[in-house]
>>> print(open('work-v4.tsv').read())   # TSV, C-alpha atoms
chain	number	residue	atom	x	y	z
M	1	MET	CA	226.15	43.38	91.12
M	2	GLY	CA	229.13	45.71	91.47
M	3	PRO	CA	229.12	49.51	91.53
M	4	ARG	CA	230.61	49.68	88.03
M	5	THR	CA	227.76	47.65	86.62
M	6	GLU	CA	225.25	49.85	88.39
M	7	ARG	CA	226.88	52.99	87.00
M	8	PHE	CA	226.88	51.52	83.50
M	9	LYS	CA	223.20	50.59	83.78
M	10	ALA	CA	222.34	54.09	84.95
M	11	TRP	CA	224.40	55.59	82.11
M	12	PHE	CA	222.85	53.26	79.51
M	13	PHE	CA	219.19	53.63	80.45
M	14	GLN	CA	219.53	57.39	80.76
M	15	ARG	CA	220.36	57.43	77.04
M	16	TYR	CA	218.49	54.45	75.61
M	17	LYS	CA	214.76	54.23	76.21
M	18	PHE	CA	213.45	51.14	74.43
M	19	THR	CA	209.72	51.57	74.08
M	20	ARG	CA	207.33	50.64	71.33
M	21	GLN	CA	207.52	54.19	69.97
M	22	SER	CA	211.31	54.43	69.90
M	23	ILE	CA	211.82	50.91	68.52
M	24	ILE	CA	209.27	51.29	65.70
M	25	PHE	CA	210.52	54.70	64.61
M	26	THR	CA	214.20	53.67	64.69
M	27	ALA	CA	213.46	50.40	62.85
M	28	LEU	CA	211.48	52.33	60.23
M	29	CYS	CA	214.43	54.67	59.65
M	30	VAL	CA	216.80	51.69	59.29
M	31	VAL	CA	214.49	49.89	56.83
M	32	ILE	CA	213.94	52.98	54.66
M	33	PHE	CA	217.68	53.68	54.65
M	34	GLY	CA	218.44	50.08	53.63
M	35	LEU	CA	215.92	50.22	50.77
M	36	THR	CA	217.42	53.43	49.40
M	37	MET	CA	220.92	51.93	49.59
M	38	TYR	CA	219.77	48.90	47.61
M	39	PHE	CA	218.02	50.90	44.89
M	40	MET	CA	220.96	53.28	44.70
M	41	ASN	CA	223.15	50.26	43.91
M	42	VAL	CA	220.63	49.23	41.22
M	43	MET	CA	220.73	52.67	39.60
M	44	ALA	CA	224.52	52.76	39.87
M	45	ASN	CA	224.57	49.51	37.84
M	46	VAL	CA	222.29	51.13	35.28
M	47	ALA	CA	224.55	54.20	35.13
M	48	SER	CA	227.60	51.96	34.72
M	49	TYR	CA	225.93	50.04	31.90
M	50	LEU	CA	225.02	53.27	30.09
M	51	SER	CA	228.33	55.00	30.72
M	52	PRO	CA	230.46	55.60	27.58
M	53	ASP	CA	233.74	53.75	27.35
M	54	ASN	CA	236.40	56.22	28.46
M	55	THR	CA	238.95	54.56	26.17
M	56	GLU	CA	236.85	55.62	23.18
M	57	VAL	CA	235.12	58.78	24.41
M	58	PRO	CA	237.37	61.56	25.75
M	59	LYS	CA	237.07	62.32	29.43
M	60	MET	CA	235.61	65.65	30.48
M	61	SER	CA	237.87	68.57	31.21
M	62	ASP	CA	238.37	69.26	34.92
M	63	ARG	CA	240.27	72.15	36.50
M	64	LEU	CA	241.42	70.26	39.60
M	65	PHE	CA	242.56	67.32	37.47
M	66	GLU	CA	244.97	69.78	35.87
M	67	ALA	CA	246.21	70.97	39.29
M	68	ILE	CA	246.30	67.69	41.28
M	69	PRO	CA	248.49	64.81	40.06
M	70	SER	CA	246.75	61.50	39.49
M	71	ILE	CA	247.30	58.65	41.96
M	72	LYS	CA	246.13	55.04	41.92
M	73	LEU	CA	245.45	54.40	45.60
M	74	LEU	CA	241.74	53.69	45.81
M	75	TRP	CA	242.25	52.07	49.19
M	76	LEU	CA	243.00	55.55	50.56
M	77	THR	CA	239.46	56.58	49.63
M	78	ASP	CA	237.99	53.69	51.59
M	79	LEU	CA	240.39	54.36	54.49
M	80	ALA	CA	239.22	57.97	54.59
M	81	ASP	CA	235.64	56.68	54.81
M	82	ALA	CA	236.56	54.54	57.79
M	83	LEU	CA	238.47	57.35	59.55
M	84	MET	CA	235.42	59.60	59.31
M	85	PHE	CA	232.67	57.04	59.78
M	86	ILE	CA	233.85	54.88	62.72
M	87	PRO	CA	234.47	57.76	65.20
M	88	THR	CA	231.09	59.20	64.18
M	89	VAL	CA	229.37	55.91	65.01
M	90	ILE	CA	231.07	55.92	68.43
M	91	LEU	CA	229.89	59.51	69.02
M	92	ILE	CA	226.32	58.57	68.10
M	93	LEU	CA	226.23	55.50	70.35
M	94	THR	CA	227.58	57.45	73.36
M	95	HIS	CA	225.52	60.58	72.78
M	96	TYR	CA	222.98	61.78	75.34
M	97	ARG	CA	220.25	61.05	72.76
M	98	PRO	CA	221.69	58.23	70.64
M	99	LEU	CA	218.49	57.01	68.99
M	100	TYR	CA	217.49	60.58	68.16
M	101	LEU	CA	220.85	61.30	66.57
M	102	LEU	CA	220.96	57.91	64.80
M	103	CYS	CA	217.56	58.54	63.20
M	104	LYS	CA	218.56	62.04	62.10
M	105	VAL	CA	221.76	60.75	60.47
M	106	LEU	CA	219.95	57.86	58.76
M	107	LEU	CA	217.22	60.14	57.41
M	108	THR	CA	219.82	62.62	56.15
M	109	TRP	CA	221.69	59.83	54.41
M	110	THR	CA	218.41	58.43	53.07
M	111	LEU	CA	217.48	61.75	51.46
M	112	CYS	CA	220.96	61.93	49.90
M	113	ASN	CA	220.43	58.42	48.52
M	114	VAL	CA	217.08	59.41	47.01
M	115	MET	CA	218.71	62.37	45.29
M	116	ARG	CA	221.56	60.18	44.06
M	117	ILE	CA	219.11	57.60	42.69
M	118	THR	CA	217.46	60.30	40.58
M	119	THR	CA	220.70	61.83	39.26
M	120	ILE	CA	223.24	59.03	38.86
M	121	ALA	CA	221.86	57.58	35.62
M	122	ILE	CA	219.96	60.52	34.18
M	123	THR	CA	223.05	61.85	32.36
M	124	SER	CA	225.81	59.51	31.17
M	125	TYR	CA	229.39	60.64	30.75
M	126	PRO	CA	232.74	58.82	30.63
M	127	ASP	CA	234.24	57.81	33.95
M	128	PRO	CA	237.35	59.82	34.91
M	129	ARG	CA	239.32	56.76	36.05
M	130	ASP	CA	241.21	54.36	33.81
M	131	GLY	CA	240.61	50.66	34.29
M	132	CYS	CA	237.16	50.90	35.89
M	133	VAL	CA	234.72	47.99	35.49
M	134	HIS	CA	231.40	48.25	33.62
M	135	ALA	CA	228.29	46.56	34.98
M	136	VAL	CA	226.60	44.36	32.38
M	137	GLY	CA	223.06	43.15	33.06
M	138	GLU	CA	221.69	41.72	36.33
M	139	PHE	CA	221.20	45.19	37.72
M	140	PHE	CA	219.28	43.97	40.78
M	141	SER	CA	221.82	41.38	41.90
M	142	THR	CA	225.20	42.89	40.94
M	143	PHE	CA	227.24	44.61	43.64
M	144	LEU	CA	230.42	46.35	42.52
M	145	LEU	CA	232.78	48.83	44.13
M	146	HIS	CA	234.29	51.70	42.12
M	147	ARG	CA	232.43	50.76	38.92
M	148	CYS	CA	232.44	52.92	35.79
M	149	GLY	CA	229.78	55.61	35.46
M	150	ASP	CA	229.09	55.77	39.21
M	151	CYS	CA	229.75	59.51	39.24
M	152	MET	CA	226.99	62.00	40.03
M	153	PHE	CA	227.36	62.60	42.89
M	154	SER	CA	230.10	61.30	45.17
M	155	GLY	CA	228.74	58.90	47.80
M	156	HIS	CA	232.10	58.85	49.62
M	157	THR	CA	231.94	62.62	50.03
M	158	VAL	CA	228.42	62.37	51.44
M	159	ILE	CA	229.84	60.22	54.24
M	160	PHE	CA	232.66	62.72	54.84
M	161	VAL	CA	230.30	65.69	55.10
M	162	ILE	CA	227.63	64.03	57.26
M	163	SER	CA	230.29	62.81	59.68
M	164	ALA	CA	231.87	66.26	59.94
M	165	LEU	CA	228.49	67.91	60.51
M	166	VAL	CA	227.60	65.42	63.25
M	167	TRP	CA	230.83	66.24	65.06
M	168	THR	CA	230.29	69.96	64.57
M	169	SER	CA	226.67	70.00	65.77
M	170	HIS	CA	226.73	67.27	68.42
M	171	GLY	CA	230.37	66.64	69.34
M	172	TYR	CA	231.43	70.13	70.39
M	173	HIS	CA	229.26	70.13	73.54
M	174	ARG	CA	230.68	66.82	74.71
M	175	PHE	CA	233.79	68.68	75.87
M	176	PRO	CA	233.74	70.38	79.30
M	177	ARG	CA	233.95	74.16	79.25
M	178	ARG	CA	237.57	74.11	80.42
M	179	LEU	CA	238.46	71.96	77.38
M	180	ARG	CA	236.57	73.94	74.73
M	181	TRP	CA	239.91	74.83	73.15
M	182	LEU	CA	240.40	71.13	72.54
M	183	ALA	CA	236.93	70.97	71.00
M	184	TRP	CA	237.91	73.66	68.49
M	185	ILE	CA	241.06	71.73	67.61
M	186	CYS	CA	238.98	68.59	67.04
M	187	MET	CA	236.54	70.50	64.84
M	188	LEU	CA	239.39	71.85	62.73
M	189	PHE	CA	240.88	68.37	62.48
M	190	VAL	CA	237.55	66.84	61.43
M	191	TRP	CA	236.97	69.38	58.66
M	192	ALA	CA	240.59	69.18	57.52
M	193	LEU	CA	240.14	65.40	57.25
M	194	CYS	CA	236.86	65.94	55.38
M	195	PHE	CA	238.37	68.26	52.77
M	196	GLY	CA	241.56	66.18	52.58
M	197	SER	CA	239.51	63.04	51.92
M	198	ALA	CA	237.62	64.84	49.17
M	199	LEU	CA	240.93	65.76	47.54
M	200	ILE	CA	241.99	62.10	47.75
M	201	VAL	CA	238.82	61.15	45.85
M	202	ILE	CA	239.68	63.67	43.15
M	203	ALA	CA	243.34	62.63	43.02
M	204	ASN	CA	242.30	58.99	42.55
M	205	ARG	CA	240.07	60.15	39.69
M	206	ALA	CA	237.20	58.32	41.38
M	207	HIS	CA	234.99	61.35	40.69
M	208	TYR	CA	235.06	64.59	38.81
M	209	THR	CA	235.37	67.73	40.92
M	210	VAL	CA	231.74	68.65	40.24
M	211	ASP	CA	230.63	65.29	41.70
M	212	VAL	CA	232.45	66.10	44.93
M	213	MET	CA	231.17	69.68	45.14
M	214	VAL	CA	227.55	68.67	44.56
M	215	ALA	CA	227.93	66.07	47.34
M	216	PHE	CA	228.99	68.83	49.75
M	217	TYR	CA	225.94	70.91	48.87
M	218	VAL	CA	223.49	68.00	49.02
M	219	ALA	CA	224.75	66.45	52.27
M	220	GLY	CA	225.00	69.79	54.06
M	221	GLY	CA	221.56	70.92	52.94
M	222	ASN	CA	219.87	67.65	53.82
M	223	PHE	CA	221.49	67.55	57.26
M	224	TYR	CA	220.09	70.94	58.18
M	225	ILE	CA	216.72	70.16	56.62
M	226	TRP	CA	216.34	67.24	59.03
M	227	THR	CA	217.77	69.30	61.89
M	228	TYR	CA	215.02	71.87	61.30
M	229	ILE	CA	212.32	69.16	61.08
M	230	PHE	CA	213.46	67.43	64.26
M	231	ASP	CA	213.82	70.68	66.20
M	232	HIS	CA	210.61	72.44	65.16
M	233	TYR	CA	208.18	69.67	64.26
M	234	ILE	CA	209.21	66.91	66.65
M	235	GLU	CA	211.07	68.19	69.70
M	236	ASP	CA	209.36	71.56	70.10
M	237	ARG	CA	205.93	69.94	69.76
M	238	GLY	CA	206.63	67.25	72.29
M	239	ARG	CA	206.61	64.34	69.84
M	240	LEU	CA	208.77	61.20	70.00
M	241	LYS	CA	209.83	62.00	73.56
M	242	ASP	CA	211.35	58.56	73.96
M	243	LEU	CA	213.94	59.66	71.39
M	244	THR	CA	214.28	63.37	72.16
M	245	ARG	CA	214.17	63.03	75.97
M	246	PRO	CA	215.18	59.46	76.85
M	247	TRP	CA	215.91	60.52	80.44
M	248	GLY	CA	212.20	61.27	80.96
M	249	ASP	CA	210.61	64.35	82.50
M	250	GLY	CA	213.46	64.99	84.92
M	251	PRO	CA	216.17	67.65	84.53
M	252	ASP	CA	218.13	67.68	81.31
M	253	PRO	CA	221.47	65.89	81.96
M	254	ARG	CA	223.37	67.64	79.16
M	255	PRO	CA	226.01	69.94	80.71
M	256	HIS	CA	225.78	72.65	78.07
M	257	VAL	CA	222.00	72.85	78.55
M	258	ARG	CA	222.36	73.23	82.31
M	259	GLU	CA	225.09	75.84	81.88
M	260	ARG	CA	222.97	77.88	79.51
M	261	ALA	CA	219.88	77.62	81.71
M	262	LEU	CA	221.92	78.84	84.70
M	263	LYS	CA	223.32	81.70	82.67
M	264	LEU	CA	219.85	82.74	81.53
M	265	GLN	CA	218.59	82.55	85.10
M	266	GLN	CA	221.43	84.77	86.28
M	267	GLN	CA	220.65	87.26	83.50
M	268	GLY	CA	217.02	87.43	84.55
M	269	GLY	CA	215.38	84.94	82.19
M	270	GLY	CA	214.88	84.75	78.47
M	271	THR	CA	215.22	82.01	75.92
M	272	ASP	CA	217.92	80.96	73.54
M	273	ASN	CA	217.85	78.36	70.79
M	274	ASP	CA	220.50	76.40	68.94
M	275	SER	CA	220.47	73.46	66.56
M	276	ASP	CA	220.57	70.90	69.33
M	277	VAL	CA	218.15	72.15	72.02
M	278	ASN	CA	215.33	74.57	72.59
M	279	GLN	CA	215.98	76.23	75.92
M	280	ARG	CA	212.33	76.72	76.86
M	281	SER	CA	211.31	74.22	79.48
M	282	ASP	CA	208.84	71.50	78.58
M	283	ALA	CA	206.30	73.04	80.90
M	284	GLU	CA	206.38	76.25	78.86
M	285	LYS	CA	206.20	74.36	75.57
M	286	VAL	CA	203.21	72.14	76.36
M	287	GLY	CA	201.42	74.65	78.57
M	288	LEU	CA	201.50	72.99	81.95
M	289	HIS	CA	201.72	76.31	83.81
M	290	ASP	CA	198.33	76.77	85.49
M	291	GLU	CA	199.01	80.28	86.63
M	292	VAL	CA	200.92	83.03	84.83
M	293	GLN	CA	201.41	86.46	86.30
M	294	MET	CA	201.47	88.65	83.22
M	295	GLN	CA	203.78	91.38	84.42
M	296	SER	CA	206.57	88.79	84.85
M	297	ILE	CA	206.29	87.88	81.17
M	298	TYR	CA	205.14	90.90	79.23
M	299	GLY	CA	206.04	93.78	81.52
M	300	GLU	CA	203.35	95.73	83.39
M	301	ALA	CA	200.06	93.85	83.58
M	302	PRO	CA	196.60	95.46	83.57
M	303	ALA	CA	195.76	96.22	87.17
M	304	GLY	CA	192.61	95.54	89.15
M	305	GLN	CA	190.65	98.16	91.03
M	306	GLY	CA	193.11	98.20	93.85
M	307	GLY	CA	196.07	98.66	91.57
M	308	GLN	CA	197.12	95.04	91.97
M	309	PRO	CA	197.97	92.95	88.94
M	310	VAL	CA	195.32	90.57	87.69
M	311	VAL	CA	196.18	86.87	87.60
M	312	TYR	CA	194.37	84.61	85.14
M	313	ASN	CA	193.92	80.87	85.59
M	314	SER	CA	192.60	78.93	82.62
M	315	ASP	CA	193.35	76.04	80.30
M	316	PHE	CA	196.24	76.33	77.85
M	317	ASN	CA	194.64	74.60	74.88
M	318	SER	CA	194.47	77.59	72.56
M	319	GLY	CA	197.05	78.64	70.01
M	320	ARG	CA	200.43	79.65	71.35
M	321	GLY	CA	202.24	82.87	70.68
M	322	SER	CA	205.81	83.46	69.55
M	323	ASN	CA	207.07	83.36	73.16
M	324	GLY	CA	205.61	79.93	73.75
M	325	TYR	CA	202.71	81.29	75.87
M	326	PRO	CA	198.99	81.20	74.94
M	327	GLN	CA	197.87	83.91	72.57
M	328	TYR	CA	194.94	84.89	74.80
M	329	GLN	CA	197.41	86.32	77.32
M	330	GLN	CA	198.86	88.55	74.64
M	331	GLN	CA	195.32	89.63	73.69
M	332	GLN	CA	194.53	90.37	77.35
M	333	GLN	CA	197.61	92.55	77.59
M	334	ALA	CA	196.75	94.51	74.45
M	335	THR	CA	192.97	94.96	74.98
M	336	GLY	CA	192.40	94.39	78.65
M	337	GLU	CA	189.78	91.80	77.76
M	338	PRO	CA	189.90	88.01	78.09
M	339	ASN	CA	189.67	85.67	75.12
M	340	GLN	CA	186.16	84.28	74.62
M	341	GLU	CA	187.47	80.79	73.79
M	342	HIS	CA	188.09	80.10	77.46
M	343	ASP	CA	185.28	78.97	79.71
M	344	THR	CA	186.21	80.49	83.04
M	345	ILE	CA	188.74	83.07	84.16
M	346	GLN	CA	189.61	83.40	87.80
M	347	VAL	CA	190.24	87.02	88.78
M	348	LEU	CA	191.73	88.19	92.06
M	349	SER	CA	189.56	90.87	93.60
M	350	GLU	CA	191.15	93.76	95.40
M	351	GLN	CA	189.62	92.92	98.75
M	352	GLY	CA	191.55	90.25	100.53
M	353	GLY	CA	192.86	88.73	97.32
M	354	GLU	CA	189.91	86.29	97.22
M	355	PRO	CA	189.15	84.94	93.75
M	356	VAL	CA	185.89	85.33	91.85
M	357	LEU	CA	184.85	83.41	88.74
M	358	GLN	CA	184.34	85.65	85.74
M	359	GLN	CA	182.67	84.45	82.53
M	360	PRO	CA	184.32	86.10	79.48
M	361	GLN	CA	181.99	88.27	77.40
M	362	PRO	CA	182.46	90.37	74.25
M	363	TYR	CA	184.16	93.67	74.88
M	364	GLY	CA	181.87	96.40	76.10
M	365	GLN	CA	179.15	94.06	77.39
M	366	GLU	CA	178.23	93.33	80.97
M	367	VAL	CA	180.26	90.61	82.64
M	368	GLN	CA	178.55	88.16	84.97
M	369	VAL	CA	180.63	87.35	88.04
M	370	GLN	CA	180.04	84.45	90.37
M	371	GLN	CA	181.19	85.12	93.89
M	372	LEU	CA	183.23	82.48	95.62
M	373	PRO	CA	182.79	81.88	99.36
M	374	GLY	CA	184.26	84.67	101.42
M	375	ALA	CA	184.89	87.00	98.48
M	376	PRO	CA	183.00	90.30	98.06
M	377	ILE	CA	181.80	91.30	94.58
M	378	ASN	CA	182.97	94.58	93.13
M	379	ASN	CA	182.62	96.12	89.71
M	380	THR	CA	181.30	93.62	87.15
M	381	SER	CA	181.34	95.76	84.02
M	382	GLY	CA	183.56	94.80	81.07
>>> encode(input="work-v4.tsv", output="structure tokens")
Amino acid sequence: MGPRTERFKAWFFQRYKFTRQSIIFTALCVVIFGLTMYFMNVMANVASYLSPDNTEVPKMSDRLFEAIPSIKLLWLTDLADALMFIPTVILILTHYRPLYLLCKVLLTWTLCNVMRITTIAITSYPDPRDGCVHAVGEFFSTFLLHRCGDCMFSGHTVIFVISALVWTSHGYHRFPRRLRWLAWICMLFVWALCFGSALIVIANRAHYTVDVMVAFYVAGGNFYIWTYIFDHYIEDRGRLKDLTRPWGDGPDPRPHVRERALKLQQQGGGTDNDSDVNQRSDAEKVGLHDEVQMQSIYGEAPAGQGGQPVVYNSDFNSGRGSNGYPQYQQQQQATGEPNQEHDTIQVLSEQGGEPVLQQPQPYGQEVQVQQLPGAPINNTSG
């Protein structure tokens, strides 16, 4: 096996982790997306059947129809779909977390389909395009493209917007820092193509302007809804790690993450979040730190008898504070007393730094201390 094959295998398995969890979740997203596409086609047939004949009923007034000349080049609409969609698929497949990004895109599209299913046939109005075809009967087995009445809201524009948002949120960081200027040019090009494609839809009279505008609002909102869900309810809570961290528990391979972590380290710590990554380490998120010296986190820690900071060792199973650290540490800082939910707290005595085991008691009551071998006992009051 040659070196190129080895490099490709390393590249592939760093991004794709095929486990039972990742396969089931991805397959579930694909199946749900496929079902919504099918039922959206059914409801589009219903909307087409109920749509008034635009040769008998006047078309609705539209401001951009008055400003943009009509063209009859529907193939341009489909070409615009391909120009936006195919590069987006390539970006997803070569992303550092391809299954994660694929599921987020499918779920965003699925939610758009659900909204379109509930709106496309609820109000019938004449199609803006001359010569469109009406669906008649057989709603569950008829598949038509550019049928009459398939208006609210524009499915083509949904594809444009989702593709542009994927490039904006996940494509920008694929460029090295020295080529960030090129990334900005690509972002401008992508959004220019998105808006230009929307104007092509309007010029072809495939949709009214309101159909296109609602598609922008719906697709953009749904994309960031799922971004929030994935960031705060999946990634931050350590769920679906085979999708969110396919490279395992090792260092994050994404260059922009490493650059930001280095910058934060040079600045003396801190955290920073964006839509693609939470900069806190996994150890901080899931509480794998067994020992936290409080003055390094919250400033000056309460001192022991010898003026030395107290170090607490305990489990991290309690609720977590806004900084990602257990709330009992914040309580200890504010009150000087340990949280009673924890069984044992190990306190460094002032003499020789030897630890003693201290059982937490309510504030103001006597504290029982068990001496460890070689450690003298000092003050035991709370």
>>> closest_atom_pairs(input="work-v4.tsv", of="segment 152-234 of chain M", to="segment 64-83 of chain M", cutoff="6 Å", atoms="all atoms listed in the file", output="CSV")
residue,atom,partner,partner_atom,distance
M:Ser197,CA,M:Ala80,CA,5.7
M:Val201,CA,M:Thr77,CA,6.0
M:Ala203,CA,M:Ser70,CA,5.0
M:Asn204,CA,M:Ile71,CA,5.0
>>> closest_residue(input="work-v4.tsv", among="M:Asp211, M:Asp53, M:Asp62, M:Asp231", to="Val133 of chain M", atoms="all atoms listed in the file")
M:Asp53
>>> atom_distance(input="work-v4.tsv", atom1="atom CA of Thr119 of chain M", atom2="atom CA of Met152 of chain M")
6.3 Å
>>> closest_residue(input="work-v4.tsv", among="M:Gln266, M:Thr209, M:Thr123, M:Asn113", to="Ser48 of chain M", atoms="all atoms listed in the file")
M:Thr123
>>> residues_around(input="work-v4.tsv", residues="Pro253 of chain M", least_positions_apart="6", cutoff="12 Å", atoms="only C-alpha atoms", output="number ranges by chain")
M: 11, 14-15, 95-97, 174, 245-247, 259, 261
>>> residues_around(input="work-v4.tsv", residues="Ser124 of chain M", least_positions_apart="4", cutoff="8 Å", atoms="all atoms listed in the file", output="JSON, numbers by chain")
{"M": [47, 50, 51, 52, 149]}
>>> atom_distance(input="work-v4.tsv", atom1="atom CA of Ile117 of chain M", atom2="atom CA of Met37 of chain M")
9.1 Å
>>> residues_around(input="work-v4.tsv", residues="Lys59 of chain M", least_positions_apart="5", cutoff="9 Å", atoms="only C-alpha atoms", output="ChimeraX atom specification")
/M:54,125-129
>>> write_last_selection(input="work-v4.tsv", atoms="C-alpha atoms", output="PDB file, in the frame of the given file")
ATOM      1  CA  ASN M  54     236.400  56.220  28.460  1.00  0.00           C
ATOM      2  CA  TYR M 125     229.390  60.640  30.750  1.00  0.00           C
ATOM      3  CA  PRO M 126     232.740  58.820  30.630  1.00  0.00           C
ATOM      4  CA  ASP M 127     234.240  57.810  33.950  1.00  0.00           C
ATOM      5  CA  PRO M 128     237.350  59.820  34.910  1.00  0.00           C
ATOM      6  CA  ARG M 129     239.320  56.760  36.050  1.00  0.00           C
TER       7      ARG M 129
END
>>> atom_distance(input="work-v4.tsv", atom1="atom CA of Ala206 of chain M", atom2="atom CA of Ile225 of chain M")
28.1 Å
>>> closest_residue(input="work-v4.tsv", among="M:Lys17, M:His173, M:Arg205, M:Arg7", to="His146 of chain M", atoms="all atoms listed in the file")
M:Arg205
>>> closest_residue(input="work-v4.tsv", among="M:Pro176, M:Arg63, M:Met43, M:Glu235", to="Cys151 of chain M", atoms="all atoms listed in the file")
M:Met43
>>> residues_near_point(input="work-v4.tsv", point="(224.4, 60.0, 62.9)", cutoff="12 Å", atoms="only C-alpha atoms", output="MDAnalysis selection string")
chainID M and resid 29:30 84:95 97:110 159:171 223 226:227
>>> residues_around(input="work-v4.tsv", residues="Ile185 of chain M", least_positions_apart="4", cutoff="12 Å", atoms="all atoms listed in the file", output="NGL selection string")
:M and (167-168 or 171-172 or 175 or 179-181 or 189-192)
>>> axis_aligned_box(input="work-v4.tsv", around="segment 68-78 of chain M", padding_each_side="8 Å", output="lines of an AutoDock Vina configuration file")
center_x = 243.2
center_y = 59.9
center_z = 45.5
size_x = 26.5
size_y = 31.6
size_z = 28.1
